[in-house]
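Below is my_file24.cif, holding mmCIF, N, CA and C atoms.
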data_target
#
loop_
_atom_site.group_PDB
_atom_site.id
_atom_site.type_symbol
_atom_site.label_atom_id
_atom_site.label_comp_id
_atom_site.auth_asym_id
_atom_site.auth_seq_id
_atom_site.Cartn_x
_atom_site.Cartn_y
_atom_site.Cartn_z
ATOM 1 N N MET A 251 92.907 49.074 -197.662
ATOM 2 C CA MET A 251 93.511 49.923 -196.652
ATOM 3 C C MET A 251 94.506 49.088 -195.843
ATOM 4 N N ALA A 252 95.698 49.571 -195.724
ATOM 5 C CA ALA A 252 96.759 48.863 -195.017
ATOM 6 C C ALA A 252 96.772 49.238 -193.540
ATOM 7 N N PHE A 253 97.278 48.326 -192.735
ATOM 8 C CA PHE A 253 97.411 48.566 -191.303
ATOM 9 C C PHE A 253 98.606 49.473 -191.062
ATOM 10 N N ARG A 254 98.366 50.633 -190.469
ATOM 11 C CA ARG A 254 99.406 51.610 -190.157
ATOM 12 C C ARG A 254 99.185 52.123 -188.736
ATOM 13 N N ARG A 255 100.264 52.557 -188.097
ATOM 14 C CA ARG A 255 100.138 53.175 -186.782
ATOM 15 C C ARG A 255 99.474 54.538 -186.941
ATOM 16 N N SER A 256 98.604 54.876 -186.016
ATOM 17 C CA SER A 256 97.858 56.129 -186.084
ATOM 18 C C SER A 256 98.672 57.286 -185.537
ATOM 19 N N ARG A 257 98.536 58.435 -186.167
ATOM 20 C CA ARG A 257 99.149 59.662 -185.642
ATOM 21 C C ARG A 257 98.147 60.446 -184.803
ATOM 22 N N ARG A 258 96.854 60.209 -185.029
ATOM 23 C CA ARG A 258 95.812 60.936 -184.312
ATOM 24 C C ARG A 258 95.398 60.243 -183.020
ATOM 25 N N ASP A 259 95.154 58.937 -183.084
ATOM 26 C CA ASP A 259 94.689 58.176 -181.921
ATOM 27 C C ASP A 259 95.844 57.393 -181.317
ATOM 28 N N ARG A 260 96.760 58.105 -180.680
ATOM 29 C CA ARG A 260 97.907 57.422 -180.082
ATOM 30 C C ARG A 260 98.069 57.836 -178.630
ATOM 31 N N LEU A 261 98.382 56.852 -177.830
ATOM 32 C CA LEU A 261 98.736 57.128 -176.441
ATOM 33 C C LEU A 261 100.226 56.881 -176.256
ATOM 34 N N ILE A 262 100.717 55.787 -176.821
ATOM 35 C CA ILE A 262 102.143 55.487 -176.738
ATOM 36 C C ILE A 262 102.725 55.479 -178.147
ATOM 37 N N GLY A 263 102.407 54.442 -178.913
ATOM 38 C CA GLY A 263 103.008 54.317 -180.239
ATOM 39 C C GLY A 263 102.018 54.380 -181.384
ATOM 40 N N GLY A 264 100.740 54.412 -181.101
ATOM 41 C CA GLY A 264 99.735 54.477 -182.153
ATOM 42 C C GLY A 264 99.318 53.130 -182.701
ATOM 43 N N VAL A 265 99.795 52.043 -182.088
ATOM 44 C CA VAL A 265 99.475 50.703 -182.588
ATOM 45 C C VAL A 265 97.988 50.397 -182.404
ATOM 46 N N CYS A 266 97.461 50.596 -181.226
ATOM 47 C CA CYS A 266 96.046 50.306 -180.975
ATOM 48 C C CYS A 266 95.136 51.236 -181.782
ATOM 49 N N GLY A 267 95.522 52.498 -181.911
ATOM 50 C CA GLY A 267 94.740 53.441 -182.715
ATOM 51 C C GLY A 267 94.724 53.047 -184.179
ATOM 52 N N GLY A 268 95.863 52.629 -184.695
ATOM 53 C CA GLY A 268 95.936 52.175 -186.085
ATOM 54 C C GLY A 268 95.161 50.900 -186.307
ATOM 55 N N LEU A 269 95.243 49.984 -185.348
ATOM 56 C CA LEU A 269 94.489 48.739 -185.450
ATOM 57 C C LEU A 269 92.991 49.021 -185.404
ATOM 58 N N ALA A 270 92.584 49.971 -184.588
ATOM 59 C CA ALA A 270 91.171 50.347 -184.505
ATOM 60 C C ALA A 270 90.683 50.929 -185.831
ATOM 61 N N GLU A 271 91.471 51.783 -186.449
ATOM 62 C CA GLU A 271 91.096 52.346 -187.752
ATOM 63 C C GLU A 271 90.985 51.243 -188.792
ATOM 64 N N TRP A 272 91.925 50.305 -188.782
ATOM 65 C CA TRP A 272 91.956 49.217 -189.751
ATOM 66 C C TRP A 272 90.754 48.290 -189.585
ATOM 67 N N LEU A 273 90.351 48.036 -188.333
ATOM 68 C CA LEU A 273 89.217 47.158 -188.059
ATOM 69 C C LEU A 273 87.873 47.880 -188.136
ATOM 70 N N GLY A 274 87.901 49.216 -188.075
ATOM 71 C CA GLY A 274 86.658 49.982 -188.067
ATOM 72 C C GLY A 274 86.033 50.028 -186.681
ATOM 73 N N TRP A 275 86.836 49.851 -185.648
ATOM 74 C CA TRP A 275 86.381 49.887 -184.264
ATOM 75 C C TRP A 275 86.803 51.204 -183.638
ATOM 76 N N THR A 276 86.343 51.425 -182.401
ATOM 77 C CA THR A 276 86.800 52.598 -181.658
ATOM 78 C C THR A 276 88.147 52.260 -181.003
ATOM 79 N N PRO A 277 89.025 53.244 -180.867
ATOM 80 C CA PRO A 277 90.311 52.991 -180.207
ATOM 81 C C PRO A 277 90.154 52.483 -178.767
ATOM 82 N N THR A 278 89.130 52.951 -178.080
ATOM 83 C CA THR A 278 88.899 52.511 -176.706
ATOM 84 C C THR A 278 88.610 51.017 -176.657
ATOM 85 N N ARG A 279 87.817 50.535 -177.577
ATOM 86 C CA ARG A 279 87.480 49.113 -177.633
ATOM 87 C C ARG A 279 88.737 48.273 -177.850
ATOM 88 N N VAL A 280 89.603 48.692 -178.761
ATOM 89 C CA VAL A 280 90.833 47.956 -179.038
ATOM 90 C C VAL A 280 91.758 47.985 -177.828
ATOM 91 N N ARG A 281 91.871 49.128 -177.173
ATOM 92 C CA ARG A 281 92.750 49.237 -175.998
ATOM 93 C C ARG A 281 92.267 48.367 -174.850
ATOM 94 N N VAL A 282 90.954 48.349 -174.605
ATOM 95 C CA VAL A 282 90.399 47.510 -173.543
ATOM 96 C C VAL A 282 90.629 46.037 -173.866
ATOM 97 N N LEU A 283 90.416 45.648 -175.110
ATOM 98 C CA LEU A 283 90.656 44.262 -175.519
ATOM 99 C C LEU A 283 92.130 43.905 -175.379
ATOM 100 N N TYR A 284 93.013 44.820 -175.749
ATOM 101 C CA TYR A 284 94.453 44.595 -175.613
ATOM 102 C C TYR A 284 94.847 44.386 -174.149
ATOM 103 N N VAL A 285 94.325 45.229 -173.262
ATOM 104 C CA VAL A 285 94.645 45.108 -171.839
ATOM 105 C C VAL A 285 94.122 43.779 -171.289
ATOM 106 N N LEU A 286 92.911 43.396 -171.658
ATOM 107 C CA LEU A 286 92.360 42.125 -171.188
ATOM 108 C C LEU A 286 93.198 40.945 -171.659
ATOM 109 N N VAL A 287 93.570 40.938 -172.918
ATOM 110 C CA VAL A 287 94.388 39.852 -173.454
ATOM 111 C C VAL A 287 95.761 39.837 -172.785
ATOM 112 N N SER A 288 96.343 40.996 -172.580
ATOM 113 C CA SER A 288 97.656 41.079 -171.931
ATOM 114 C C SER A 288 97.611 40.570 -170.498
ATOM 115 N N VAL A 289 96.592 40.965 -169.765
ATOM 116 C CA VAL A 289 96.480 40.528 -168.372
ATOM 117 C C VAL A 289 96.245 39.023 -168.299
ATOM 118 N N LEU A 290 95.412 38.504 -169.167
ATOM 119 C CA LEU A 290 95.122 37.073 -169.153
ATOM 120 C C LEU A 290 96.306 36.231 -169.622
ATOM 121 N N SER A 291 97.254 36.849 -170.341
ATOM 122 C CA SER A 291 98.426 36.108 -170.813
ATOM 123 C C SER A 291 99.666 36.468 -169.997
ATOM 124 N N ALA A 292 99.483 36.922 -168.789
ATOM 125 C CA ALA A 292 100.558 37.281 -167.863
ATOM 126 C C ALA A 292 101.338 38.516 -168.303
ATOM 127 N N ALA A 293 100.748 39.401 -169.088
ATOM 128 C CA ALA A 293 101.250 40.725 -169.470
ATOM 129 C C ALA A 293 102.492 40.732 -170.361
ATOM 130 N N PHE A 294 103.447 39.853 -170.158
ATOM 131 C CA PHE A 294 104.681 39.916 -170.945
ATOM 132 C C PHE A 294 104.459 39.710 -172.444
ATOM 133 N N PRO A 295 103.750 38.673 -172.886
ATOM 134 C CA PRO A 295 103.574 38.501 -174.341
ATOM 135 C C PRO A 295 102.857 39.690 -174.993
ATOM 136 N N GLY A 296 101.865 40.259 -174.309
ATOM 137 C CA GLY A 296 101.155 41.407 -174.863
ATOM 138 C C GLY A 296 102.056 42.612 -175.024
ATOM 139 N N THR A 297 102.908 42.837 -174.060
ATOM 140 C CA THR A 297 103.855 43.943 -174.131
ATOM 141 C C THR A 297 104.870 43.719 -175.239
ATOM 142 N N LEU A 298 105.355 42.507 -175.360
ATOM 143 C CA LEU A 298 106.310 42.167 -176.409
ATOM 144 C C LEU A 298 105.697 42.343 -177.796
ATOM 145 N N VAL A 299 104.465 41.892 -177.979
ATOM 146 C CA VAL A 299 103.771 42.049 -179.266
ATOM 147 C C VAL A 299 103.601 43.523 -179.600
ATOM 148 N N TYR A 300 103.223 44.336 -178.615
ATOM 149 C CA TYR A 300 103.045 45.769 -178.839
ATOM 150 C C TYR A 300 104.349 46.409 -179.297
ATOM 151 N N ILE A 301 105.450 46.087 -178.630
ATOM 152 C CA ILE A 301 106.746 46.671 -178.983
ATOM 153 C C ILE A 301 107.168 46.243 -180.389
ATOM 154 N N VAL A 302 106.968 44.980 -180.726
ATOM 155 C CA VAL A 302 107.308 44.506 -182.075
ATOM 156 C C VAL A 302 106.466 45.222 -183.121
ATOM 157 N N LEU A 303 105.159 45.357 -182.875
ATOM 158 C CA LEU A 303 104.298 46.066 -183.831
ATOM 159 C C LEU A 303 104.696 47.536 -183.937
ATOM 160 N N TRP A 304 105.094 48.144 -182.845
ATOM 161 C CA TRP A 304 105.521 49.541 -182.845
ATOM 162 C C TRP A 304 106.732 49.713 -183.763
ATOM 163 N N ILE A 305 107.639 48.748 -183.736
ATOM 164 C CA ILE A 305 108.845 48.817 -184.551
ATOM 165 C C ILE A 305 108.555 48.471 -186.009
ATOM 166 N N VAL A 306 107.733 47.451 -186.258
ATOM 167 C CA VAL A 306 107.542 46.897 -187.599
ATOM 168 C C VAL A 306 106.512 47.658 -188.436
ATOM 169 N N VAL A 307 105.413 48.088 -187.823
ATOM 170 C CA VAL A 307 104.310 48.713 -188.570
ATOM 171 C C VAL A 307 104.667 50.170 -188.873
ATOM 172 N N PRO A 308 104.561 50.558 -190.139
ATOM 173 C CA PRO A 308 104.871 51.954 -190.488
ATOM 174 C C PRO A 308 103.811 52.920 -189.989
ATOM 175 N N SER A 309 104.210 54.157 -189.787
ATOM 176 C CA SER A 309 103.287 55.208 -189.377
ATOM 177 C C SER A 309 102.534 55.717 -190.604
ATOM 178 N N GLU A 310 101.329 56.242 -190.381
ATOM 179 C CA GLU A 310 100.548 56.761 -191.518
ATOM 180 C C GLU A 310 101.079 58.067 -192.029
#
Let me see the structure of the file written as structure tokens.
Amino acid sequence: MAFRRSRRDRLIGGVCGGLAEWLGWTPTRVRVLYVLVSVLSAAFPGTLVYIVLWIVVPSE
């Protein structure tokens, strides 16, 4: 199974929802982990990674 952006579990771009499906986790767990990592890394790198994944990862 390939990593794809989710069309069902999306709030902004579907990146966290797609990552959750790929990992077999809940979307909430991935989003909370993403926010924690972003806050601990001064928010900018996390936002940049999200935008790059939104552009690069195909939609399902």
Evaluate the PyMOL selection byres (((chain A and resi 266-279 and name CA) around 10) and name CA) here and jot the selected residues down as a compact mmCIF listing (two decimals) with N, CA and C atoms, keeping the file's coordinate frame.
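And here is the file that came out, part-v2.txt:
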# COMPACT_ATOMS: atom_id res chain seq x y z
N MET A 251 92.91 49.07 -197.66
CA MET A 251 93.51 49.92 -196.65
C MET A 251 94.51 49.09 -195.84
N ALA A 252 95.70 49.57 -195.72
CA ALA A 252 96.76 48.86 -195.02
C ALA A 252 96.77 49.24 -193.54
N PHE A 253 97.28 48.33 -192.74
CA PHE A 253 97.41 48.57 -191.30
C PHE A 253 98.61 49.47 -191.06
N ARG A 254 98.37 50.63 -190.47
CA ARG A 254 99.41 51.61 -190.16
C ARG A 254 99.18 52.12 -188.74
N ARG A 255 100.26 52.56 -188.10
CA ARG A 255 100.14 53.18 -186.78
C ARG A 255 99.47 54.54 -186.94
N SER A 256 98.60 54.88 -186.02
CA SER A 256 97.86 56.13 -186.08
C SER A 256 98.67 57.29 -185.54
N ARG A 257 98.54 58.44 -186.17
CA ARG A 257 99.15 59.66 -185.64
C ARG A 257 98.15 60.45 -184.80
N ARG A 258 96.85 60.21 -185.03
CA ARG A 258 95.81 60.94 -184.31
C ARG A 258 95.40 60.24 -183.02
N ASP A 259 95.15 58.94 -183.08
CA ASP A 259 94.69 58.18 -181.92
C ASP A 259 95.84 57.39 -181.32
N ARG A 260 96.76 58.10 -180.68
CA ARG A 260 97.91 57.42 -180.08
C ARG A 260 98.07 57.84 -178.63
N LEU A 261 98.38 56.85 -177.83
CA LEU A 261 98.74 57.13 -176.44
C LEU A 261 100.23 56.88 -176.26
N ILE A 262 100.72 55.79 -176.82
CA ILE A 262 102.14 55.49 -176.74
C ILE A 262 102.72 55.48 -178.15
N GLY A 263 102.41 54.44 -178.91
CA GLY A 263 103.01 54.32 -180.24
C GLY A 263 102.02 54.38 -181.38
N GLY A 264 100.74 54.41 -181.10
CA GLY A 264 99.74 54.48 -182.15
C GLY A 264 99.32 53.13 -182.70
N VAL A 265 99.80 52.04 -182.09
CA VAL A 265 99.48 50.70 -182.59
C VAL A 265 97.99 50.40 -182.40
N VAL A 280 89.60 48.69 -178.76
CA VAL A 280 90.83 47.96 -179.04
C VAL A 280 91.76 47.98 -177.83
N ARG A 281 91.87 49.13 -177.17
CA ARG A 281 92.75 49.24 -176.00
C ARG A 281 92.27 48.37 -174.85
N VAL A 282 90.95 48.35 -174.60
CA VAL A 282 90.40 47.51 -173.54
C VAL A 282 90.63 46.04 -173.87
N LEU A 283 90.42 45.65 -175.11
CA LEU A 283 90.66 44.26 -175.52
C LEU A 283 92.13 43.90 -175.38
N TYR A 284 93.01 44.82 -175.75
CA TYR A 284 94.45 44.60 -175.61
C TYR A 284 94.85 44.39 -174.15
N TYR A 300 103.22 44.34 -178.62
CA TYR A 300 103.04 45.77 -178.84
C TYR A 300 104.35 46.41 -179.30
N LEU A 303 105.16 45.36 -182.88
CA LEU A 303 104.30 46.07 -183.83
C LEU A 303 104.70 47.54 -183.94
N TRP A 304 105.09 48.14 -182.84
CA TRP A 304 105.52 49.54 -182.84
C TRP A 304 106.73 49.71 -183.76
N VAL A 307 105.41 48.09 -187.82
CA VAL A 307 104.31 48.71 -188.57
C VAL A 307 104.67 50.17 -188.87
N PRO A 308 104.56 50.56 -190.14
CA PRO A 308 104.87 51.95 -190.49
C PRO A 308 103.81 52.92 -189.99
N SER A 309 104.21 54.16 -189.79
CA SER A 309 103.29 55.21 -189.38
C SER A 309 102.53 55.72 -190.60
N GLU A 310 101.33 56.24 -190.38
CA GLU A 310 100.55 56.76 -191.52
C GLU A 310 101.08 58.07 -192.03
Based on the backbone DSSP call, show me all residues of chain A assigned helix (DSSP H, G or I), as a compact mmCIF listing (two decimals) with N, CA and C atoms, in the frame of the given file.
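Everything below was put into result.txt:
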# COMPACT_ATOMS: atom_id res chain seq x y z
N VAL A 265 99.80 52.04 -182.09
CA VAL A 265 99.48 50.70 -182.59
C VAL A 265 97.99 50.40 -182.40
N CYS A 266 97.46 50.60 -181.23
CA CYS A 266 96.05 50.31 -180.98
C CYS A 266 95.14 51.24 -181.78
N GLY A 267 95.52 52.50 -181.91
CA GLY A 267 94.74 53.44 -182.72
C GLY A 267 94.72 53.05 -184.18
N GLY A 268 95.86 52.63 -184.70
CA GLY A 268 95.94 52.18 -186.08
C GLY A 268 95.16 50.90 -186.31
N LEU A 269 95.24 49.98 -185.35
CA LEU A 269 94.49 48.74 -185.45
C LEU A 269 92.99 49.02 -185.40
N ALA A 270 92.58 49.97 -184.59
CA ALA A 270 91.17 50.35 -184.50
C ALA A 270 90.68 50.93 -185.83
N GLU A 271 91.47 51.78 -186.45
CA GLU A 271 91.10 52.35 -187.75
C GLU A 271 90.98 51.24 -188.79
N TRP A 272 91.92 50.30 -188.78
CA TRP A 272 91.96 49.22 -189.75
C TRP A 272 90.75 48.29 -189.58
N LEU A 273 90.35 48.04 -188.33
CA LEU A 273 89.22 47.16 -188.06
C LEU A 273 87.87 47.88 -188.14
N PRO A 277 89.02 53.24 -180.87
CA PRO A 277 90.31 52.99 -180.21
C PRO A 277 90.15 52.48 -178.77
N THR A 278 89.13 52.95 -178.08
CA THR A 278 88.90 52.51 -176.71
C THR A 278 88.61 51.02 -176.66
N ARG A 279 87.82 50.54 -177.58
CA ARG A 279 87.48 49.11 -177.63
C ARG A 279 88.74 48.27 -177.85
N VAL A 280 89.60 48.69 -178.76
CA VAL A 280 90.83 47.96 -179.04
C VAL A 280 91.76 47.98 -177.83
N ARG A 281 91.87 49.13 -177.17
CA ARG A 281 92.75 49.24 -176.00
C ARG A 281 92.27 48.37 -174.85
N VAL A 282 90.95 48.35 -174.60
CA VAL A 282 90.40 47.51 -173.54
C VAL A 282 90.63 46.04 -173.87
N LEU A 283 90.42 45.65 -175.11
CA LEU A 283 90.66 44.26 -175.52
C LEU A 283 92.13 43.90 -175.38
N TYR A 284 93.01 44.82 -175.75
CA TYR A 284 94.45 44.60 -175.61
C TYR A 284 94.85 44.39 -174.15
N VAL A 285 94.32 45.23 -173.26
CA VAL A 285 94.64 45.11 -171.84
C VAL A 285 94.12 43.78 -171.29
N LEU A 286 92.91 43.40 -171.66
CA LEU A 286 92.36 42.12 -171.19
C LEU A 286 93.20 40.94 -171.66
N VAL A 287 93.57 40.94 -172.92
CA VAL A 287 94.39 39.85 -173.45
C VAL A 287 95.76 39.84 -172.78
N SER A 288 96.34 41.00 -172.58
CA SER A 288 97.66 41.08 -171.93
C SER A 288 97.61 40.57 -170.50
N VAL A 289 96.59 40.96 -169.76
CA VAL A 289 96.48 40.53 -168.37
C VAL A 289 96.24 39.02 -168.30
N LEU A 290 95.41 38.50 -169.17
CA LEU A 290 95.12 37.07 -169.15
C LEU A 290 96.31 36.23 -169.62
N PHE A 294 103.45 39.85 -170.16
CA PHE A 294 104.68 39.92 -170.94
C PHE A 294 104.46 39.71 -172.44
N PRO A 295 103.75 38.67 -172.89
CA PRO A 295 103.57 38.50 -174.34
C PRO A 295 102.86 39.69 -174.99
N GLY A 296 101.86 40.26 -174.31
CA GLY A 296 101.16 41.41 -174.86
C GLY A 296 102.06 42.61 -175.02
N THR A 297 102.91 42.84 -174.06
CA THR A 297 103.86 43.94 -174.13
C THR A 297 104.87 43.72 -175.24
N LEU A 298 105.36 42.51 -175.36
CA LEU A 298 106.31 42.17 -176.41
C LEU A 298 105.70 42.34 -177.80
N VAL A 299 104.46 41.89 -177.98
CA VAL A 299 103.77 42.05 -179.27
C VAL A 299 103.60 43.52 -179.60
N TYR A 300 103.22 44.34 -178.62
CA TYR A 300 103.04 45.77 -178.84
C TYR A 300 104.35 46.41 -179.30
N ILE A 301 105.45 46.09 -178.63
CA ILE A 301 106.75 46.67 -178.98
C ILE A 301 107.17 46.24 -180.39
N VAL A 302 106.97 44.98 -180.73
CA VAL A 302 107.31 44.51 -182.08
C VAL A 302 106.47 45.22 -183.12
N LEU A 303 105.16 45.36 -182.88
CA LEU A 303 104.30 46.07 -183.83
C LEU A 303 104.70 47.54 -183.94
N TRP A 304 105.09 48.14 -182.84
CA TRP A 304 105.52 49.54 -182.84
C TRP A 304 106.73 49.71 -183.76
N ILE A 305 107.64 48.75 -183.74
CA ILE A 305 108.84 48.82 -184.55
C ILE A 305 108.56 48.47 -186.01
N VAL A 306 107.73 47.45 -186.26
CA VAL A 306 107.54 46.90 -187.60
C VAL A 306 106.51 47.66 -188.44
Atom pair atom N of Val299 of chain A + atom C of Val287 of chain A, distance 10.3 Å
Atoms kept (C-alpha atoms) for segment 276-300 of chain A, as an mmCIF file, in the first residue's frame:
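Result file result37.cif:
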data_model
loop_
_atom_site.group_PDB
_atom_site.id
_atom_site.type_symbol
_atom_site.label_atom_id
_atom_site.label_comp_id
_atom_site.auth_asym_id
_atom_site.auth_seq_id
_atom_site.Cartn_x
_atom_site.Cartn_y
_atom_site.Cartn_z
ATOM 1 C CA THR A 276 -6.093 6.964 13.834
ATOM 2 C CA PRO A 277 -5.976 10.373 12.115
ATOM 3 C CA THR A 278 -6.297 12.074 15.503
ATOM 4 C CA ARG A 279 -3.156 10.361 16.775
ATOM 5 C CA VAL A 280 -1.160 11.474 13.721
ATOM 6 C CA ARG A 281 -2.453 15.056 13.962
ATOM 7 C CA VAL A 282 -1.604 15.322 17.669
ATOM 8 C CA LEU A 283 1.879 13.921 17.013
ATOM 9 C CA TYR A 284 2.332 16.351 14.111
ATOM 10 C CA VAL A 285 1.332 19.335 16.264
ATOM 11 C CA LEU A 286 3.670 18.254 19.076
ATOM 12 C CA VAL A 287 6.606 17.820 16.707
ATOM 13 C CA SER A 288 5.855 21.143 15.005
ATOM 14 C CA VAL A 289 5.641 23.042 18.277
ATOM 15 C CA LEU A 290 8.828 21.477 19.612
ATOM 16 C CA SER A 291 10.666 22.371 16.383
ATOM 17 C CA ALA A 292 9.534 26.024 16.436
ATOM 18 C CA ALA A 293 6.566 25.350 14.056
ATOM 19 C CA PHE A 294 8.251 26.471 10.814
ATOM 20 C CA PRO A 295 9.886 23.149 9.790
ATOM 21 C CA GLY A 296 6.660 21.239 10.501
ATOM 22 C CA THR A 297 4.639 23.625 8.384
ATOM 23 C CA LEU A 298 7.181 23.475 5.575
ATOM 24 C CA VAL A 299 7.195 19.651 5.618
ATOM 25 C CA TYR A 300 3.383 19.587 5.506
#
